[in-house]
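Chemist: Here it is, the structure in full.
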Amino acid sequence: MTETISSPTGLPAEAGATTPAVVDEVLLSEERIAVASQRQLIWWRFRKHRLAVISGVIIILFYLVAIFANFLAYADPTLTEAQRSFMPPQPIHLFDNGTFRPHVLGVEGARDPQTFKRVYVENPEDIRPLRLFAHGYSYKFLGLFKTDIHLIGVDGAAAEESLFLLGTDQLGRDMFSRLMIATRISMSVGLVGVVLSLVLGVTLGGLSGLYGGVVDIVIQRLIEIIRSIPTIPLWMGLAAALPREWSVVQVYFAITIIISLIGWTDLARVVRGRFLSLRSEDFVLAAELAGAGTMRILFRHMVPSFLSHIIAAMTLALPAMIISETALSFLGLGLRPPAISWGVLLQGGQNIQAIANAPWLLIVAIPVIIAILAFNFLGDGLRDAADPYGR
Amino acid sequence: MMNGHDQSETILEVKNLKKFFPIRRGFLQRVVGEVRAVDDVSFTIKRGETLSLVGESGCGKTTTSRCIMRALTPTEGDVLFRLESGETFNMATQPKRQLRGLRRHIQMIFQDPFSSLNPRMTLFDIIGEPLLVNGVKSHDERTDRVSELLTLVGLRPEHMQRFPHAFSGGQRQRVGIARALALNPSLIVADEPVSALDVSVQAQILNLMLDLQDQLGLTYLFVAHDLSVVKHISDRVAVMYVGKIVEVAETKKLFDFPKHPYTEALLSAVPKPDPRLRSERIVLEGDVADPANPPSGCYFHPRCPYVIDRCKAETPPLREVEGGQLVACHRAEELTLKGVSVN
Amino acid sequence: MSNEQHEVILSVNNLKTYFFQDEGTVKAVDGASFEVYKGRTLGIVGESGCGKSVTARSILRLEEKPGRIVDGEITLLREDNSTIELTALKQNSRDLRAIRGSDIALIFQEPMTSFSAHYTIGNQIIEMIRLHQNVTKREAKDLTIELLRRVGIPKPERRIDEYPFQLSGGLRQRVMIAMALANNPRILIADEPTTALDVTTQAQILDLLRQLQEDTGMSVILITHDMGVVAEMCDDVVVMYLGRVVETGPVDDIFHNPQHPYTRSLLTSIPSVLAEPRTKLPTLTGAIPHPYNRPQGCAFHPRCSEFMPGKCDHFTPHLQALDASGIQHVSCFLHHEPVAESAEHIS
Amino acid sequence: MLAFFIRRILLGIVTVWAISVISFIVIQLPPGDFVDAYIAQIASTGGVVATETADQLRSQYGIDQPLPVQYVKWMSRILRGDLGVSLEFRVPVREVIGDRIWLTMAVSFGAILVTWGLALPIGIYSAVKQYSIGDYVATFIGFIGLAIPNFLLALILMYFGFKWFDLNVGGLFSAEYRIAPWSWAKVWDLIKHLPLPVLILGLGGTAQLIRIMRANLLDELHKPYVITARAKGLSETRVIMKYPVRAALNPFASTMGYLIPFVVSGSIIVATVLSLPTIGPTLLRALIAQDMFLAGAIILLLGVLTVIGTILSDLLLMWIDPRIRLEQH
């Protein structure tokens, strides 16, 4: 029953002259655009979104850090040393007597006789030059071969004893090195979680949109129910119920699954919505009437039309996953030491005393915020670019 | 005006076609009624002619066409389609699997030139798709056929690598026509093919359709609300009102000497593009009846200026009156109605 | 159009409304001029993108960002015979608001979206009345019921409390008209008032408009793409193409003595119920260019059957009187020679 | 309307049921049963539980029976108001929760008010003055608000509060009222302490809602009915406030249903950071101590309250929208 009469252009008269769709049409005469595929159009449109492009670069950097975490870390992140408890971040000196020679100064610790707090004093005589590709603790590079080369180190001394770029925590572990390793875990938790929720979301959303009827109603109600449940207490309960004796890897995957159990609903809604709107598109009916089979209609016509939307929705879902992991671990219910994640690191700064004594423990918050912001901007940019034909 | 084809051969016969949509209400989504979108429609189309299905929004003309294409499954009735070989199939009851083989003979042209072309495919892919899925696997063969089709509809074959966004509404509609022609169908269902186009482009598409019909011996079922467009393309016209056909006649007869009061009102309501022809019009009272809750008797009786008591009680059947016109009106013989002839 | 015969109530002179976008400027209306006479219906006709709707909105200064009136005058003759220049007023200023809905009222194509779904039709009409007339709520309500009755709404005292989505398309457009008439406007701008309606409903609405005009003596600006509606309804016609007026004149001259090739092809290439069945129409080649890609010189020249190379593609024609009577105006080099100053339009 | 109502209530009941099952799973998941945990608990404080007592406890709580039976028993006790006994505190759960549930509701409700109070005007401003400096500032702050998880915000504010004002941010009562019985003075003390946690909690949702409001309103601002309103001669403020804002409010209000779970969830973490005497820290403590009866009861309680809140807001929404109110779907 689509017998509505539309204006000759399908647009509300000339008001449509200002919509992007028409602007696209403007460039019709250009051959380059005429033969541009959808991917190219999306890329051209995305490129205009400056903030999203910058965010994309930032996120690539984050993932590079995650991949090369051990190379970037210069100290063994699990090495404890009571003598170095709560060291403040250490400045890098670039010049030594006027010549460019980046170095740090040796630090000597002592206990304040009145407050009993440990205080650290730089020794200006004890110059420790920085160098690139130094030897340090050994690790497996990309899990492939053993090496002990790290991006930076100190000439003539162990990095563990000399470098404290972001200070140390209560147990004297180097925060910079820990942050590098934590980035690997936190960024990958999000990714794995999103992939899991994608599988759930696309399957259920797809079923819902494709079949409709009872299947659709049941899945829709399920989504509604999950969305009206306060998620964090449930996660907390499920996470707390994980057996204590589980290994880091087991807990890691369990947490990822718990997080993705909640996150799939948004993706399912996006997928279902796209399916429903595509199902009523004339070009889908045209393909059916031409004799195309269900699989061809699905994969040649429908999936390409919402792939870009799904990528955008995934990008927007990632930060929520990262926040969830961070929050759970922060509360002591998610990843547990010896695992290192942003949330685990932040746990050190959970109470006011810790923050008052060692405010640098909160530095971890900065990469968390930057990553979440970048994902949001990137997701926004992708979403805007996802439909290059405008609507 | 049968375009030189055998006048007697029927290509499509629609018999007592019904399509009701259930109305669901309440918590349990119980069926509380039905919209009688198509309510006992019968007509035939002869090979090589153009039959137009005309009516106002909601009259069921689009639903009828979708049932013929079997994009919707009819509630009741038959859609008998006859191949050139003489074999006859019932589209309404054909199992889905056999439907695929049959559909190449009936193709469709859509109203919206924007949503009917997949924006993510090139013209080659769009027009070549029916070929590909019907067994033309050779890329070269498809290239040849697509360029032939593009030339046929007045587009340049060298544009086949372009995407739909590079074309204007009229050009896109040509692409849609090319796609419909790809499999050499014998019947084309055109659902409001020009109503989304600018008025100056409409004539281009209508002319193209007339040319193609002559060239390829096509049969058209042309669904439209615009009587001027209908007059230009049709051999015969069927007028629908609230799910029923009220009149079928040859175009000239229908426009000059309508036999049904609704046809008369419809013709009278069309603004004539000549200020010297301003005249008193028949203006119908009220709104089109609700197909979920149609009036008794003749569905048109509450708005009909010639209503008599019988119309309120008795549903008039579609019957033949003098000159071969089919009319569903009790008073068809006694009324002299006004058409739109210039003279 | 002879100025002696009819009193000009609104004159639009060289109106230019441009849309400034990142990608460039769309000259939606690019120098439109015409006059509206007291008690007569002016039809503005053209295809999509010709700028007719933007013109209508510009008169009430309802152009929206990124659109802006960059040039031209819109002069309104007020009830006390004073004139007011609308382009000189600030958008949404008090003076302008006093004119909107009171001197000039507007109705739109889509009566569904032209009403807010969140308020009853009564609420929306009463608001209009009380904005311009000093009446109590009670009086406004009575006036509203009266208005609804006048436009042929059955049981107006009940309908007044209904929401727009409860009415059929035809009734909604009647309510829209009732609202426009609430303050007895002297000019009614109807922007494609029947395009979204079925043909029998269209006939009802056109009849209603004509009858109301007879009763009130208001002027009507009827914007449409349908030459049939123009022929049935209008006294004077303005034909627009790509933001410019190509021809103006009384309706009979436009239909029976069209001078601009575009007007002629509009009349011959458009399907008509009066034609012989299954006859081919002469067609206009090509499609309307986007205002962005406006062709140089006369914007119509790439589609024109009487294109004169070196003239039409180099100089911009201006609207000029066809003959000494000054009744019909046309903008075409078939009727007047290019003047040197028009060369400056080429950049 | 009625069908909507019934469907909504039924959906709420199913949701509560789902929550109860998950809560029960949470109670059941840790290895060993409640009695084992109880014995371990007693043993850790030097006590001994006789085998008979243990068996008696087991049969009293039906632990020896299959899980579905246990679930039914647990539910039927809860329906009678018996939430069980906290292992850690060895008092009925009901007593442990006590005032905390009301304080949780007060904080959450306050947070929702803050969210609305900020998001609505800022969203409207941002949309009406699209691409103005104010819009950019609001959008930027909105993004920051979105990016900082509220527990981080609490941490950061706590740090600055400490550093600049030497202020110990946290708690809902001054020391002298912490364990005092309820009095007007105590209420006033509470009101004085509420703004900061409420603000922190509210800001996260605000950023999201500003974006929703802005987007909705931008959609509405160019609809024909807005031009109709302008063409009437209405002033710009009235045009916008009466028409598009009213229309944009609907989708905006419907987000409230999801705002409640969001706020309740967030409040748990924020309350832990700020050590508020609400239910959050209790839940956390119970979970860490594997005091599962207490944890399960709290999760169930929070779930039920949320569902009730969501139903109420949905019903309000239905009643506001004339299209839903008048059509008998």
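By convention in this document, the chains of the structure tokens carry letters A, B, ... by their order, each chain's residues are numbered from 1, and ligands are numbered from 1 in the order they are shown.
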Can you check which residues of chain D have any atom within 7 Å of chain B? Use only C-alpha atoms and format it as a list in words.

Modeler: Ala3, Phe4, Ile6, Arg7 and His329 of chain D

Chemist: Provide as an mmCIF file with C-alpha atoms, in the first residue's frame the residues of chain C at most 7 Å from chain B, counting only C-alpha atoms.

Modeler:
data_model
loop_
_atom_site.group_PDB
_atom_site.id
_atom_site.type_symbol
_atom_site.label_atom_id
_atom_site.label_comp_id
_atom_site.auth_asym_id
_atom_site.auth_seq_id
_atom_site.Cartn_x
_atom_site.Cartn_y
_atom_site.Cartn_z
ATOM 1 C CA GLU C 47 9.620 22.304 -12.270
ATOM 2 C CA SER C 48 11.666 21.218 -9.302
ATOM 3 C CA ASP C 198 -5.634 12.643 -4.745
ATOM 4 C CA VAL C 199 -7.253 14.086 -7.799
ATOM 5 C CA THR C 200 -10.809 14.142 -6.443
ATOM 6 C CA ALA C 203 -10.720 19.206 -6.983
ATOM 7 C CA GLN C 204 -12.437 19.783 -3.635
ATOM 8 C CA MET C 227 -0.065 23.400 -15.770
ATOM 9 C CA GLY C 228 -3.589 22.039 -15.409
ATOM 10 C CA VAL C 229 -3.972 23.612 -11.973
ATOM 11 C CA ALA C 231 -5.112 26.827 -16.218
ATOM 12 C CA GLU C 232 -8.032 26.163 -13.908
ATOM 13 C CA VAL C 251 -3.262 33.051 -18.137
ATOM 14 C CA ASP C 252 -4.902 33.043 -21.555
ATOM 15 C CA PHE C 255 -1.534 29.145 -22.690
ATOM 16 C CA LEU C 266 6.024 22.898 -20.954
ATOM 17 C CA SER C 269 5.576 18.097 -23.788
ATOM 18 C CA ILE C 270 3.433 17.471 -20.761
ATOM 19 C CA PRO C 271 0.989 14.583 -20.748
ATOM 20 C CA SER C 272 -2.569 15.840 -20.931
ATOM 21 C CA VAL C 273 -5.992 14.237 -20.623
ATOM 22 C CA LEU C 274 -6.980 16.138 -23.705
ATOM 23 C CA PRO C 277 -4.468 8.152 -26.703
ATOM 24 C CA ARG C 278 -1.096 6.632 -27.519
ATOM 25 C CA THR C 279 0.409 9.600 -29.242
ATOM 26 C CA LYS C 280 3.993 10.471 -28.720
ATOM 27 C CA LEU C 281 4.763 13.772 -27.160
ATOM 28 C CA THR C 283 9.956 16.109 -25.590
ATOM 29 C CA LEU C 284 12.300 18.462 -23.940
ATOM 30 C CA ALA C 287 17.193 17.154 -17.498
#

Chemist: Using only C-alpha atoms, which protein or nucleic acid residues come within 9 Å of region 169-175 of chain A? Drop anything in the same chain fewer than 2 positions from it, and give the result as an NGL selection string.

Modeler: :A and (74-89 or 160 or 163-167 or 177-180 or 345 or 348 or 354 or 358 or 360-361 or 364)

Chemist: What residues in chain A have any atom no more than 6 Å from chain D when counting only C-alpha atoms, and can you write them as a list in words?

Modeler: Ile225, Pro230, Ile232, Gly237, Leu238, Ala240, Ala241, Ile369, Ile372 and Leu373 of chain A

Chemist: For all heavy atoms, I'd like the residues from the last selection saved as a PDB file, in the first residue's frame.

Modeler:
ATOM      1  N   ILE A 225      14.392  -6.314  27.656  1.00  0.00           N
ATOM      2  CA  ILE A 225      14.609  -6.761  29.031  1.00  0.00           C
ATOM      3  C   ILE A 225      16.047  -6.477  29.445  1.00  0.00           C
ATOM      4  O   ILE A 225      16.308  -5.865  30.481  1.00  0.00           O
ATOM      5  CB  ILE A 225      14.280  -8.273  29.161  1.00  0.00           C
ATOM      6  CG1 ILE A 225      12.766  -8.467  29.102  1.00  0.00           C
ATOM      7  CG2 ILE A 225      14.844  -8.830  30.460  1.00  0.00           C
ATOM      8  CD1 ILE A 225      12.347  -9.917  29.023  1.00  0.00           C
ATOM      9  N   PRO A 230      19.780  -2.990  35.283  1.00  0.00           N
ATOM     10  CA  PRO A 230      20.996  -2.250  35.608  1.00  0.00           C
ATOM     11  C   PRO A 230      22.181  -3.189  35.461  1.00  0.00           C
ATOM     12  O   PRO A 230      22.279  -4.193  36.160  1.00  0.00           O
ATOM     13  CB  PRO A 230      20.807  -1.795  37.048  1.00  0.00           C
ATOM     14  CG  PRO A 230      19.707  -2.619  37.594  1.00  0.00           C
ATOM     15  CD  PRO A 230      18.951  -3.228  36.469  1.00  0.00           C
ATOM     16  N   ILE A 232      25.621  -2.963  35.665  1.00  0.00           N
ATOM     17  CA  ILE A 232      26.838  -3.081  36.465  1.00  0.00           C
ATOM     18  C   ILE A 232      26.675  -4.022  37.658  1.00  0.00           C
ATOM     19  O   ILE A 232      27.526  -4.882  37.861  1.00  0.00           O
ATOM     20  CB  ILE A 232      27.374  -1.691  36.836  1.00  0.00           C
ATOM     21  CG1 ILE A 232      27.986  -1.087  35.568  1.00  0.00           C
ATOM     22  CG2 ILE A 232      28.420  -1.769  37.936  1.00  0.00           C
ATOM     23  CD1 ILE A 232      28.622   0.243  35.724  1.00  0.00           C
ATOM     24  N   GLY A 237      28.178  -9.085  39.996  1.00  0.00           N
ATOM     25  CA  GLY A 237      27.834 -10.380  40.570  1.00  0.00           C
ATOM     26  C   GLY A 237      28.477 -11.512  39.803  1.00  0.00           C
ATOM     27  O   GLY A 237      29.123 -12.389  40.375  1.00  0.00           O
ATOM     28  N   LEU A 238      28.334 -11.451  38.458  1.00  0.00           N
ATOM     29  CA  LEU A 238      28.898 -12.531  37.654  1.00  0.00           C
ATOM     30  C   LEU A 238      30.418 -12.564  37.782  1.00  0.00           C
ATOM     31  O   LEU A 238      31.023 -13.627  37.909  1.00  0.00           O
ATOM     32  CB  LEU A 238      28.487 -12.356  36.190  1.00  0.00           C
ATOM     33  CG  LEU A 238      27.011 -12.598  35.897  1.00  0.00           C
ATOM     34  CD1 LEU A 238      26.674 -12.214  34.469  1.00  0.00           C
ATOM     35  CD2 LEU A 238      26.639 -14.052  36.145  1.00  0.00           C
ATOM     36  N   ALA A 240      32.244 -11.476  40.244  1.00  0.00           N
ATOM     37  CA  ALA A 240      32.666 -11.894  41.576  1.00  0.00           C
ATOM     38  C   ALA A 240      32.517 -13.398  41.737  1.00  0.00           C
ATOM     39  O   ALA A 240      33.213 -14.020  42.533  1.00  0.00           O
ATOM     40  CB  ALA A 240      31.848 -11.175  42.628  1.00  0.00           C
ATOM     41  N   ALA A 241      31.580 -13.955  40.976  1.00  0.00           N
ATOM     42  CA  ALA A 241      31.344 -15.386  41.113  1.00  0.00           C
ATOM     43  C   ALA A 241      32.384 -16.230  40.380  1.00  0.00           C
ATOM     44  O   ALA A 241      32.387 -17.441  40.482  1.00  0.00           O
ATOM     45  CB  ALA A 241      29.947 -15.724  40.595  1.00  0.00           C
ATOM     46  N   ILE A 369      41.029   8.235  28.996  1.00  0.00           N
ATOM     47  CA  ILE A 369      40.142   9.267  28.462  1.00  0.00           C
ATOM     48  C   ILE A 369      40.433   9.515  26.985  1.00  0.00           C
ATOM     49  O   ILE A 369      39.511   9.619  26.159  1.00  0.00           O
ATOM     50  CB  ILE A 369      40.290  10.561  29.285  1.00  0.00           C
ATOM     51  CG1 ILE A 369      39.738  10.320  30.694  1.00  0.00           C
ATOM     52  CG2 ILE A 369      39.571  11.713  28.615  1.00  0.00           C
ATOM     53  CD1 ILE A 369      40.055  11.420  31.669  1.00  0.00           C
ATOM     54  N   ILE A 372      39.024   6.684  24.851  1.00  0.00           N
ATOM     55  CA  ILE A 372      37.563   6.699  24.738  1.00  0.00           C
ATOM     56  C   ILE A 372      37.102   7.836  23.834  1.00  0.00           C
ATOM     57  O   ILE A 372      36.244   7.656  22.965  1.00  0.00           O
ATOM     58  CB  ILE A 372      36.928   6.807  26.136  1.00  0.00           C
ATOM     59  CG1 ILE A 372      37.271   5.541  26.929  1.00  0.00           C
ATOM     60  CG2 ILE A 372      35.432   6.978  26.037  1.00  0.00           C
ATOM     61  CD1 ILE A 372      36.931   5.646  28.385  1.00  0.00           C
ATOM     62  N   LEU A 373      37.721   9.004  24.018  1.00  0.00           N
ATOM     63  CA  LEU A 373      37.373  10.139  23.166  1.00  0.00           C
ATOM     64  C   LEU A 373      37.642   9.810  21.710  1.00  0.00           C
ATOM     65  O   LEU A 373      36.815  10.067  20.834  1.00  0.00           O
ATOM     66  CB  LEU A 373      38.227  11.348  23.557  1.00  0.00           C
ATOM     67  CG  LEU A 373      37.611  12.390  24.467  1.00  0.00           C
ATOM     68  CD1 LEU A 373      38.581  13.529  24.686  1.00  0.00           C
ATOM     69  CD2 LEU A 373      36.319  12.924  23.868  1.00  0.00           C
TER      70      LEU A 373
END

Chemist: Select residues of chain D: the criterion is any atom within 8 Å of an atom of chain C, counting only C-alpha atoms; output as a list in words.

Modeler: Lys223, Pro224, Tyr225, Val226, Ile227, Thr228, Arg230, Ala231, Lys232, Gly233, Leu234, Ser235, Glu236, Tyr243, Arg246, Ala247, Asp321, Pro322 and Arg323 of chain D

Chemist: Quick one: of A:Pro338, A:Leu222, A:Lys48, A:Gly56, who's nearest to chain C, counting only C-alpha atoms?

Modeler: A:Lys48

Chemist: Ala207 (chain D): which residues within 10 Å, counting only C-alpha atoms, same-chain residues fewer than 4 positions away excluded, as a list of chain:residue names?

Modeler: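 Contacts, in chain order: D:Thr115, D:Leu118, D:Ala119, D:Ile122, D:Gly123, D:Ala138, D:Thr139, D:Phe140, D:Ile141, D:Gly142, D:Phe143, D:Ile144, D:Gly145, D:Leu146, D:Ala147, D:Gly202, D:Leu203, D:Arg211, D:Ile212.
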
Chemist: Need to verify the contact set: Gly193 (chain A), 12 Å, only C-alpha atoms, exclusion of same-chain residues closer than 4 positions in sequence. Can you return it as a ChimeraX atom specification?

Modeler: /A:185-189,197-201,252-264,314-315,317-325

Chemist: Per residue of chain B within 6 Å of chain A, what are the shortest atom pair and its distance in Å to one decimal, counting only C-alpha atoms, with rows by chain and residue number, as CSV?

Modeler:
residue,atom,partner,partner_atom,distance
B:Ser57,CA,A:Glu3,CA,5.0
B:Arg100,CA,A:Gly291,CA,5.2
B:Ser115,CA,A:Asp282,CA,5.6
B:Ser116,CA,A:Phe283,CA,4.1
B:Leu117,CA,A:Phe283,CA,5.1
B:Asn118,CA,A:Phe283,CA,5.6
B:Arg120,CA,A:Gln38,CA,5.7
B:Pro130,CA,A:Ala290,CA,4.8
B:Val133,CA,A:Ala292,CA,5.6
B:Arg162,CA,A:Val35,CA,4.3
B:Phe163,CA,A:Val35,CA,5.8
B:Ala166,CA,A:Ala34,CA,4.7
B:Ala196,CA,A:Pro8,CA,4.9
B:Leu197,CA,A:Pro8,CA,5.0
B:Asp198,CA,A:Pro8,CA,4.9

Chemist: At what distance in Å, to one decimal, does CA of Asn14 (chain C) lie from CA of Ile187 (chain C)?

Modeler: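 CA of Asn14 (chain C) lies at a distance of 20.1 Å from CA of Ile187 (chain C).
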
Chemist: Which chain C residues are at most 7 Å from chain A (counting only C-alpha atoms), as a short mmCIF file (atom, residue, chain, number, x, y, z; two decimals) with N, CA, C and O atoms, in the first residue's frame?

Modeler:
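part-v1.cif, freshly written:
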data_model
loop_
_atom_site.label_atom_id
_atom_site.label_comp_id
_atom_site.auth_asym_id
_atom_site.auth_seq_id
_atom_site.Cartn_x
_atom_site.Cartn_y
_atom_site.Cartn_z
N SER C 48 10.87 21.22 -10.53
CA SER C 48 11.67 21.22 -9.30
C SER C 48 12.97 21.96 -9.53
O SER C 48 13.56 21.91 -10.61
N GLY C 49 13.37 22.69 -8.51
CA GLY C 49 14.62 23.43 -8.60
C GLY C 49 14.50 24.77 -9.29
O GLY C 49 15.49 25.45 -9.50
N GLY C 51 12.98 27.32 -8.11
CA GLY C 51 13.02 28.39 -7.12
C GLY C 51 11.66 28.92 -6.72
O GLY C 51 11.56 29.91 -6.00
N SER C 53 9.30 27.66 -4.69
CA SER C 53 9.01 27.58 -3.25
C SER C 53 9.88 28.54 -2.45
O SER C 53 9.41 29.16 -1.50
N VAL C 54 11.13 28.64 -2.84
CA VAL C 54 12.02 29.56 -2.13
C VAL C 54 11.51 30.98 -2.31
O VAL C 54 11.52 31.79 -1.38
N THR C 195 -0.65 19.05 -4.21
CA THR C 195 0.25 18.07 -4.81
C THR C 195 0.20 16.73 -4.09
O THR C 195 0.32 15.68 -4.71
N ALA C 196 0.03 16.78 -2.76
CA ALA C 196 0.05 15.53 -2.01
C ALA C 196 -1.32 14.86 -1.98
O ALA C 196 -1.50 13.84 -1.35
N HIS C 290 21.34 21.19 -12.13
CA HIS C 290 21.31 21.66 -10.75
C HIS C 290 21.67 23.14 -10.73
O HIS C 290 22.51 23.58 -11.51
N TYR C 292 23.49 24.69 -9.11
CA TYR C 292 24.92 24.75 -8.89
C TYR C 292 25.69 24.84 -10.19
O TYR C 292 26.73 25.46 -10.29
N ASN C 293 25.18 24.11 -11.18
CA ASN C 293 25.84 24.01 -12.48
C ASN C 293 25.08 24.84 -13.51
O ASN C 293 24.95 24.44 -14.64
#
